[in-house]
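Visitor: Enclosed is the structure file coords-v7.cif (mmCIF, C-alpha atoms).
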```
data_upload
loop_
_atom_site.group_PDB
_atom_site.id
_atom_site.type_symbol
_atom_site.label_atom_id
_atom_site.label_comp_id
_atom_site.auth_asym_id
_atom_site.auth_seq_id
_atom_site.Cartn_x
_atom_site.Cartn_y
_atom_site.Cartn_z
ATOM 1 C CA MET A 18 55.489 -87.324 21.585
ATOM 2 C CA ALA A 19 58.664 -85.943 23.119
ATOM 3 C CA ALA A 20 59.416 -82.274 22.562
ATOM 4 C CA LYS A 21 62.495 -81.372 20.532
ATOM 5 C CA GLN A 22 65.517 -79.216 21.154
ATOM 6 C CA LEU A 23 67.511 -77.563 18.388
ATOM 7 C CA PRO A 24 71.243 -78.261 17.995
ATOM 8 C CA PRO A 25 73.702 -75.858 19.701
ATOM 9 C CA GLY A 26 73.915 -72.523 17.908
ATOM 10 C CA TRP A 27 70.397 -72.749 16.458
ATOM 11 C CA GLU A 28 67.334 -70.795 17.527
ATOM 12 C CA ALA A 29 63.658 -70.972 16.598
ATOM 13 C CA ARG A 30 61.844 -67.653 16.143
ATOM 14 C CA ILE A 31 58.373 -66.572 15.118
ATOM 15 C CA CYS A 32 58.183 -64.304 12.070
ATOM 16 C CA PRO A 33 56.177 -61.181 12.947
ATOM 17 C CA ARG A 34 54.899 -60.880 9.364
ATOM 18 C CA THR A 35 53.558 -64.398 8.874
ATOM 19 C CA ALA A 36 53.491 -65.923 12.401
ATOM 20 C CA LYS A 37 55.459 -68.877 10.954
ATOM 21 C CA VAL A 38 58.381 -70.427 12.791
ATOM 22 C CA PHE A 39 61.787 -70.018 11.161
ATOM 23 C CA PHE A 40 65.284 -71.047 12.262
ATOM 24 C CA VAL A 41 68.440 -69.006 12.865
ATOM 25 C CA ASP A 42 71.918 -70.522 12.591
ATOM 26 C CA HIS A 43 73.996 -68.145 14.720
ATOM 27 C CA LYS A 44 77.256 -69.702 13.561
ATOM 28 C CA THR A 45 76.707 -68.865 9.893
ATOM 29 C CA LYS A 46 74.223 -66.011 10.531
ATOM 30 C CA GLU A 47 71.811 -67.657 8.076
ATOM 31 C CA THR A 48 68.074 -68.145 8.421
ATOM 32 C CA HIS A 49 65.896 -70.999 7.194
ATOM 33 C CA TRP A 50 62.200 -71.768 7.027
ATOM 34 C CA ASN A 51 63.019 -75.457 7.560
ATOM 35 C CA LEU A 52 65.928 -77.229 9.184
ATOM 36 C CA PRO A 53 68.491 -78.132 6.482
ATOM 37 C CA ASP A 54 69.131 -81.767 5.588
ATOM 38 C CA GLY A 55 71.306 -83.443 8.174
ATOM 39 C CA ILE A 56 70.201 -81.135 11.006
ATOM 40 C CA ASP A 57 67.962 -83.022 13.398
ATOM 41 C CA ALA A 58 66.361 -81.786 16.579
ATOM 42 C CA ALA A 59 67.089 -83.853 19.666
ATOM 43 C CA PRO A 60 64.496 -84.922 22.257
ATOM 44 C CA GLU A 61 64.245 -82.555 25.216
ATOM 45 C CA GLN A 62 61.835 -81.549 27.928
ATOM 46 C CA SER A 63 60.889 -78.216 26.406
ATOM 47 C CA GLN A 64 60.598 -76.881 22.893
ATOM 48 C CA PRO A 65 62.588 -73.742 22.027
ATOM 49 C CA GLY A 66 60.505 -70.805 20.902
ATOM 50 C CA VAL A 67 57.488 -71.884 22.952
ATOM 51 C CA GLY A 68 56.646 -69.464 25.727
ATOM 52 C CA ILE A 69 57.455 -65.832 26.378
ATOM 53 C CA TYR A 70 60.988 -64.972 27.450
ATOM 54 C CA VAL A 71 62.075 -61.522 28.614
ATOM 55 C CA ASN A 72 65.758 -60.814 29.331
ATOM 56 C CA GLY A 73 66.476 -64.527 29.344
ATOM 57 C CA LYS A 74 63.734 -65.545 31.783
ATOM 58 C CA LYS A 75 60.577 -67.426 30.883
ATOM 59 C CA LEU A 76 57.623 -65.437 32.180
ATOM 60 C CA SER A 77 55.271 -66.989 34.699
ATOM 61 C CA GLU A 78 51.552 -67.299 34.107
ATOM 62 C CA THR A 79 51.045 -64.381 36.512
ATOM 63 C CA GLU A 80 53.437 -62.163 34.547
ATOM 64 C CA ILE A 81 51.862 -63.157 31.244
ATOM 65 C CA SER A 82 48.394 -62.441 32.626
ATOM 66 C CA MET A 83 49.542 -58.985 33.757
ATOM 67 C CA LEU A 84 50.921 -58.211 30.307
ATOM 68 C CA GLN A 85 47.860 -59.585 28.554
ATOM 69 C CA ASN A 86 45.707 -57.156 30.527
ATOM 70 C CA MET A 87 47.867 -54.322 29.153
ATOM 71 C CA SER A 88 47.902 -55.555 25.575
ATOM 72 C CA PRO A 89 45.120 -54.981 23.009
ATOM 73 C CA VAL A 90 46.228 -58.077 21.063
ATOM 74 C CA PRO A 91 46.929 -61.707 22.034
ATOM 75 C CA LEU A 92 50.459 -62.250 23.289
ATOM 76 C CA GLN A 93 52.838 -64.060 20.951
ATOM 77 C CA SER A 94 55.565 -66.504 21.954
ATOM 78 C CA GLY A 95 59.086 -65.203 21.515
ATOM 79 C CA ASN A 96 62.400 -64.184 23.048
ATOM 80 C CA TYR A 97 62.638 -60.471 23.891
ATOM 81 C CA TRP A 98 64.785 -57.931 25.693
ATOM 82 C CA TYR A 99 63.192 -55.162 27.743
ATOM 83 C CA ASP A 100 64.777 -51.943 29.019
ATOM 84 C CA LYS A 101 63.074 -51.225 32.328
ATOM 85 C CA LYS A 102 64.478 -47.687 32.546
ATOM 86 C CA CYS A 103 62.881 -46.302 29.394
ATOM 87 C CA GLY A 104 60.480 -49.062 28.301
ATOM 88 C CA ALA A 105 62.186 -49.948 25.007
ATOM 89 C CA VAL A 106 61.680 -53.532 23.851
ATOM 90 C CA GLY A 107 62.937 -55.717 21.019
ATOM 91 C CA PHE A 108 63.658 -59.242 19.905
ATOM 92 C CA LEU A 109 66.735 -60.848 21.423
ATOM 93 C CA ASN A 110 69.762 -59.962 19.248
ATOM 94 C CA GLY A 111 67.774 -57.251 17.477
ATOM 95 C CA PRO A 112 66.985 -53.523 17.705
ATOM 96 C CA CYS A 113 64.071 -51.768 19.371
ATOM 97 C CA ILE A 114 60.656 -52.650 17.924
ATOM 98 C CA GLY A 115 58.503 -50.595 20.289
ATOM 99 C CA VAL A 116 58.234 -48.870 23.643
ATOM 100 C CA LEU A 117 56.271 -50.064 26.658
ATOM 101 C CA LYS A 118 55.617 -48.578 30.053
ATOM 102 C CA ALA A 119 58.892 -48.401 31.984
ATOM 103 C CA ASN A 120 59.632 -50.238 35.237
ATOM 104 C CA LEU A 121 57.439 -53.261 34.578
ATOM 105 C CA HIS A 122 58.288 -56.113 36.937
ATOM 106 C CA ILE A 123 59.041 -58.684 34.257
ATOM 107 C CA GLY A 124 62.264 -60.614 33.853
ATOM 108 C CA PRO A 125 65.716 -59.743 35.217
ATOM 109 C CA ASP A 126 67.764 -56.729 34.178
ATOM 110 C CA MET A 127 68.681 -56.452 30.504
ATOM 111 C CA SER A 128 72.172 -57.566 29.483
ATOM 112 C CA ALA A 129 74.685 -55.498 27.532
ATOM 113 C CA GLU A 130 74.556 -58.093 24.735
ATOM 114 C CA ALA A 131 70.745 -58.105 24.437
ATOM 115 C CA SER A 132 70.824 -56.649 20.913
ATOM 116 C CA ALA A 133 74.123 -58.241 19.815
ATOM 117 C CA GLY A 134 75.312 -54.703 19.088
ATOM 118 C CA ASP A 135 78.787 -53.703 17.945
ATOM 119 C CA THR A 136 78.435 -49.909 17.806
ATOM 120 C CA GLY A 137 80.330 -49.072 21.002
ATOM 121 C CA VAL A 138 77.327 -46.993 22.087
ATOM 122 C CA PHE A 139 75.605 -48.197 25.259
ATOM 123 C CA LEU A 140 72.150 -47.023 26.287
ATOM 124 C CA ASN A 141 71.031 -48.009 29.793
ATOM 125 C CA GLY A 142 73.680 -50.713 29.640
ATOM 126 C CA ARG A 143 72.625 -52.217 26.269
ATOM 127 C CA GLN A 144 75.086 -51.925 23.396
ATOM 128 C CA LEU A 145 73.022 -50.495 20.572
ATOM 129 C CA HIS A 146 72.270 -52.456 17.441
ATOM 130 C CA THR A 147 73.365 -50.618 14.280
ATOM 131 C CA VAL A 148 69.719 -50.077 13.345
ATOM 132 C CA ASP A 149 69.062 -48.462 16.749
ATOM 133 C CA PHE A 150 72.089 -46.198 16.408
ATOM 134 C CA HIS A 151 71.003 -44.873 13.011
ATOM 135 C CA THR A 152 67.368 -44.553 14.121
ATOM 136 C CA LEU A 153 68.365 -42.467 17.134
ATOM 137 C CA LYS A 154 70.754 -40.372 15.053
ATOM 138 C CA GLY A 155 67.931 -39.802 12.618
ATOM 139 C CA ILE A 156 65.684 -38.322 15.298
ATOM 140 C CA GLY A 157 68.311 -35.882 16.490
ATOM 141 C CA THR A 158 70.325 -37.535 19.249
ATOM 142 C CA LYS A 159 74.012 -36.679 19.693
ATOM 143 C CA LEU A 160 75.517 -40.086 20.357
ATOM 144 C CA ASP A 161 79.175 -40.987 20.020
ATOM 145 C CA LYS A 162 80.879 -44.078 21.395
ATOM 146 C CA GLY A 163 80.314 -44.228 25.132
ATOM 147 C CA LYS A 164 77.706 -44.947 27.791
ATOM 148 C CA TYR A 165 74.441 -43.047 28.090
ATOM 149 C CA PHE A 166 71.235 -43.060 30.105
ATOM 150 C CA LEU A 167 67.712 -42.677 28.725
ATOM 151 C CA ASP A 168 64.711 -42.218 31.015
ATOM 152 C CA ASP A 169 61.029 -42.832 30.424
ATOM 153 C CA HIS A 170 60.499 -39.141 29.560
ATOM 154 C CA GLY A 171 63.030 -39.307 26.724
ATOM 155 C CA HIS A 172 65.812 -37.405 28.481
ATOM 156 C CA TYR A 173 69.252 -38.789 27.616
ATOM 157 C CA GLY A 174 72.768 -37.981 28.682
ATOM 158 C CA LYS A 175 76.181 -39.312 29.641
ATOM 159 C CA GLU A 176 76.033 -42.147 32.156
ATOM 160 C CA GLY A 177 77.087 -40.992 35.617
ATOM 161 C CA THR A 178 75.828 -37.439 35.110
ATOM 162 C CA SER A 179 72.467 -35.856 35.854
ATOM 163 C CA ASP A 180 72.484 -33.237 33.114
ATOM 164 C CA PRO A 181 70.679 -34.402 29.957
ATOM 165 C CA LEU A 182 72.148 -33.759 26.528
ATOM 166 C CA GLY A 183 68.682 -33.563 25.074
ATOM 167 C CA GLN A 184 65.305 -35.212 24.810
ATOM 168 C CA VAL A 185 63.969 -37.689 22.256
ATOM 169 C CA ASP A 186 60.452 -38.702 21.328
ATOM 170 C CA LEU A 187 60.241 -42.258 22.650
ATOM 171 C CA MET A 188 57.432 -42.933 20.216
ATOM 172 C CA LYS A 189 59.996 -42.675 17.386
ATOM 173 C CA MET A 190 62.532 -45.094 18.851
ATOM 174 C CA SER A 191 61.188 -48.148 17.050
ATOM 175 C CA SER A 192 63.012 -48.957 13.816
ATOM 176 C CA ILE A 193 60.036 -50.776 12.280
ATOM 177 C CA GLY A 194 56.345 -50.170 11.948
ATOM 178 C CA GLY A 195 56.745 -46.403 12.219
ATOM 179 C CA GLY A 196 57.672 -46.343 15.892
ATOM 180 C CA GLY A 197 55.274 -46.096 18.761
ATOM 181 C CA ARG A 198 54.188 -47.667 21.988
ATOM 182 C CA LYS A 199 53.145 -51.142 20.883
ATOM 183 C CA SER A 200 52.472 -54.491 22.408
ATOM 184 C CA ILE A 201 55.702 -56.223 23.399
ATOM 185 C CA PHE A 202 54.494 -59.182 21.381
ATOM 186 C CA VAL A 203 54.469 -58.353 17.668
ATOM 187 C CA THR A 204 51.538 -59.659 15.670
ATOM 188 C CA PRO A 205 51.651 -60.860 12.043
ATOM 189 C CA ASP A 206 49.200 -58.220 10.787
ATOM 190 C CA MET A 207 51.493 -55.280 11.635
ATOM 191 C CA ASP A 208 52.312 -53.037 8.685
ATOM 192 C CA LEU A 209 56.047 -53.701 8.504
ATOM 193 C CA ASP A 210 58.516 -52.777 5.805
ATOM 194 C CA LEU A 211 60.085 -56.012 4.573
ATOM 195 C CA GLU A 212 63.680 -54.743 4.363
ATOM 196 C CA GLN A 213 63.457 -53.198 7.834
ATOM 197 C CA LEU A 214 61.913 -56.362 9.204
ATOM 198 C CA MET A 215 64.646 -58.546 7.744
ATOM 199 C CA ALA A 216 67.368 -56.266 9.108
ATOM 200 C CA ALA A 217 65.764 -56.044 12.520
ATOM 201 C CA ASN A 218 64.865 -59.657 13.085
ATOM 202 C CA ALA A 219 66.878 -61.761 10.608
ATOM 203 C CA VAL A 220 63.782 -63.026 8.803
ATOM 204 C CA PRO A 221 64.532 -65.326 5.853
ATOM 205 C CA ALA A 222 64.895 -63.422 2.596
ATOM 206 C CA ASP A 223 62.276 -65.547 0.833
ATOM 207 C CA ILE A 224 59.559 -64.527 3.270
ATOM 208 C CA PRO A 225 56.251 -64.709 1.357
ATOM 209 C CA GLU A 226 54.116 -61.658 0.783
#
```
Show me, as structure tokens, the structure contained in the file I just sent.

Guide:
Amino acid sequence: MAAKQLPPGWEARICPRTAKVFFVDHKTKETHWNLPDGIDAAPEQSQPGVGIYVNGKKLSETEISMLQNMSPVPLQSGNYWYDKKCGAVGFLNGPCIGVLKANLHIGPDMSAEASAGDTGVFLNGRQLHTVDFHTLKGIGTKLDKGKYFLDDHGHYGKEGTSDPLGQVDLMKMSSIGGGGRKSIFVTPDMDLDLEQLMAANAVPADIPE
């Protein structure tokens, strides 16, 4: 049977809470467990949502094997961004969900639009998601609109300078699951707060308990 491709503007994601596939309509910013009536997937060589993508690149078997050796849980398919400078990681178009080791040789450099942020605050080139901004404010950072660096020791400061403004606990950067250095690939048995999960990853509101 031929694999299917979603229509333009649609994306398939895996829900971290249930491991079920759901669909995102980026035009309306709505989410659905099933494709609405009249929306049909077209035949294509590859199926969206299958595989592991980091910063827009599908990882090779060698890269996946390397990550699996570092992860205590099986890797889950998904589309992620990864900040090589500090190790932060999250779902594409979403905030940070955990922190890995920095400088892993996986995927290309992260794009400014990785989190679909609109805060005017850039950290290592990524415009922060609103959830990230409030999380970082909540742990004591002094961030106004502008560009900042953050290293893998938690030192942050104005981009282009070497003097840090302060230091943050990287283990508290994650906006869900209590923070911490987790697997890049979220598993459905994580203890996530439903409202935070929905805000962070656009999970359908009728997600079952």

Visitor: For the structure shown, which residues end up in the PyMOL selection byres ((chain A and resi 76) around 12)? Put them as a VMD selection string, please?

Guide: chain A and resid 67 to 75 77 to 85 92 94 to 97 122 to 125

Visitor: Which residues would end up in the selection if the PyMOL selection byres ((chain A and resi 138-153) around 9) were applied here, given that I need the answer as a ChimeraX atom specification?

Guide: /A:100-103,110-113,127-137,154-168,173,176,185,189-192,213,216-217

Visitor: Have a look at CA of Pro25 (chain A) and CA of Val41 (chain A) and let me know their distance in Å, one decimal.

Guide: 11.0 Å

Visitor: Could you tell me, as a list of chain:residue names, exactly which residues end up selected when the PyMOL selection byres ((chain A and resi 170) around 8) is applied to this structure?

Guide: A:Cys103, A:Asp168, A:Asp169, A:Gly171, A:His172, A:Gln184, A:Leu187
